[in-house]
Amino acid sequence: MSKMSEFEAIKALFTKWNESGVPKGIAYPKTQSDAVGWSCREFGIEGIGSRREFRSTHEEYGTIVLEIRDLIAGLKPESEVDRRKKTQHVPAETAAPAKKRINKTQKARRRAAEVKREEYRVMLVAELEKHHAVREELGSAKRDLIIEKQHSEHLQTEIAALKAENASLKQKLVGKGGVLQLVD
């Protein structure tokens, strides 16, 4: 049974309290360990009573637990938040939290590697199919080029023969005195 909705409710409440401050009379957790089992019926938080699930290395909840831990560090009572707002004239730069490495089990890493390997295999097959198609087109174009070259050489020899015949006929015509005779 997933407890993600409970984690999200705590995260949303702590995010709100980081901006406006914790209301008076509310006991709130000061550490991640204090947050285990913490409940606040006024705000609809039942609490997560298991240390096994409320840890930053948990496969499913690890990321949100880290976010909640960071939010817990910024929780202050309303009176201190108001005082901070009055004394701050220039808003402070909020740096993005550094990405924390989440430990994965060997099985999860192996599964991720298998998924990646399958993605790469599919990409390789697609690229090979493209390569074979291009190679086939190139081979076909090469054959067509060879045929066209042979046809061009044949036409060049015919042109040379016709030029030679034309030159011979011109010579005969000049040798006859330039007079044309009509032959039936």
# chains A, B, ... in the order shown; residues from 1 in each chain; ligands from 1
>>> residues_around(residues="A:Glu78", least_positions_apart="2", cutoff="6 Å", atoms="only C-alpha atoms", output="short mmCIF file (atom, residue, chain, number, x, y, z; two decimals) with N, CA, C and O atoms, in the first residue's frame")
data_model
loop_
_atom_site.label_atom_id
_atom_site.label_comp_id
_atom_site.auth_asym_id
_atom_site.auth_seq_id
_atom_site.Cartn_x
_atom_site.Cartn_y
_atom_site.Cartn_z
N GLY A 21 5.68 30.35 8.19
CA GLY A 21 6.02 30.03 9.58
C GLY A 21 5.03 29.04 10.16
O GLY A 21 3.89 28.93 9.72
N VAL A 22 5.48 28.32 11.19
CA VAL A 22 4.63 27.33 11.85
C VAL A 22 3.69 28.07 12.80
O VAL A 22 4.12 28.90 13.59
N PRO A 23 2.38 27.79 12.72
CA PRO A 23 1.43 28.47 13.60
C PRO A 23 1.73 28.20 15.08
O PRO A 23 2.29 27.15 15.43
N GLU A 80 9.26 34.22 14.29
CA GLU A 80 10.61 34.35 13.74
C GLU A 80 10.58 34.62 12.24
O GLU A 80 11.41 35.36 11.73
N VAL A 81 9.62 34.06 11.55
CA VAL A 81 9.50 34.30 10.11
C VAL A 81 9.15 35.75 9.87
O VAL A 81 9.71 36.40 9.00
#
>>> closest_residue(among="A:Arg69, A:Arg121, A:Lys172, A:Arg135", to="A:Ala35", atoms="only C-alpha atoms")
A:Arg69
>>> residues_around(residues="A:Ser33", least_positions_apart="2", cutoff="10 Å", atoms="only C-alpha atoms", output="list in words")
Pro29, Lys30, Thr31, Ala35, Val36, Gly37, Trp38, Arg51, Phe54, Arg55 and Arg69 of chain A
>>> write_last_selection(atoms="C-alpha atoms", output="short mmCIF file (atom, residue, chain, number, x, y, z; two decimals), in the first residue's frame")
data_model
loop_
_atom_site.label_atom_id
_atom_site.label_comp_id
_atom_site.auth_asym_id
_atom_site.auth_seq_id
_atom_site.Cartn_x
_atom_site.Cartn_y
_atom_site.Cartn_z
CA PRO A 29 9.50 18.00 13.91
CA LYS A 30 12.99 19.50 14.04
CA THR A 31 14.76 16.54 12.39
CA ALA A 35 9.16 13.39 11.54
CA VAL A 36 8.74 9.62 11.73
CA GLY A 37 5.31 9.06 13.27
CA TRP A 38 4.64 12.83 13.58
CA ARG A 51 11.39 4.28 9.95
CA PHE A 54 10.82 7.31 6.14
CA ARG A 55 14.45 7.17 4.97
CA ARG A 69 14.20 16.75 5.30
#
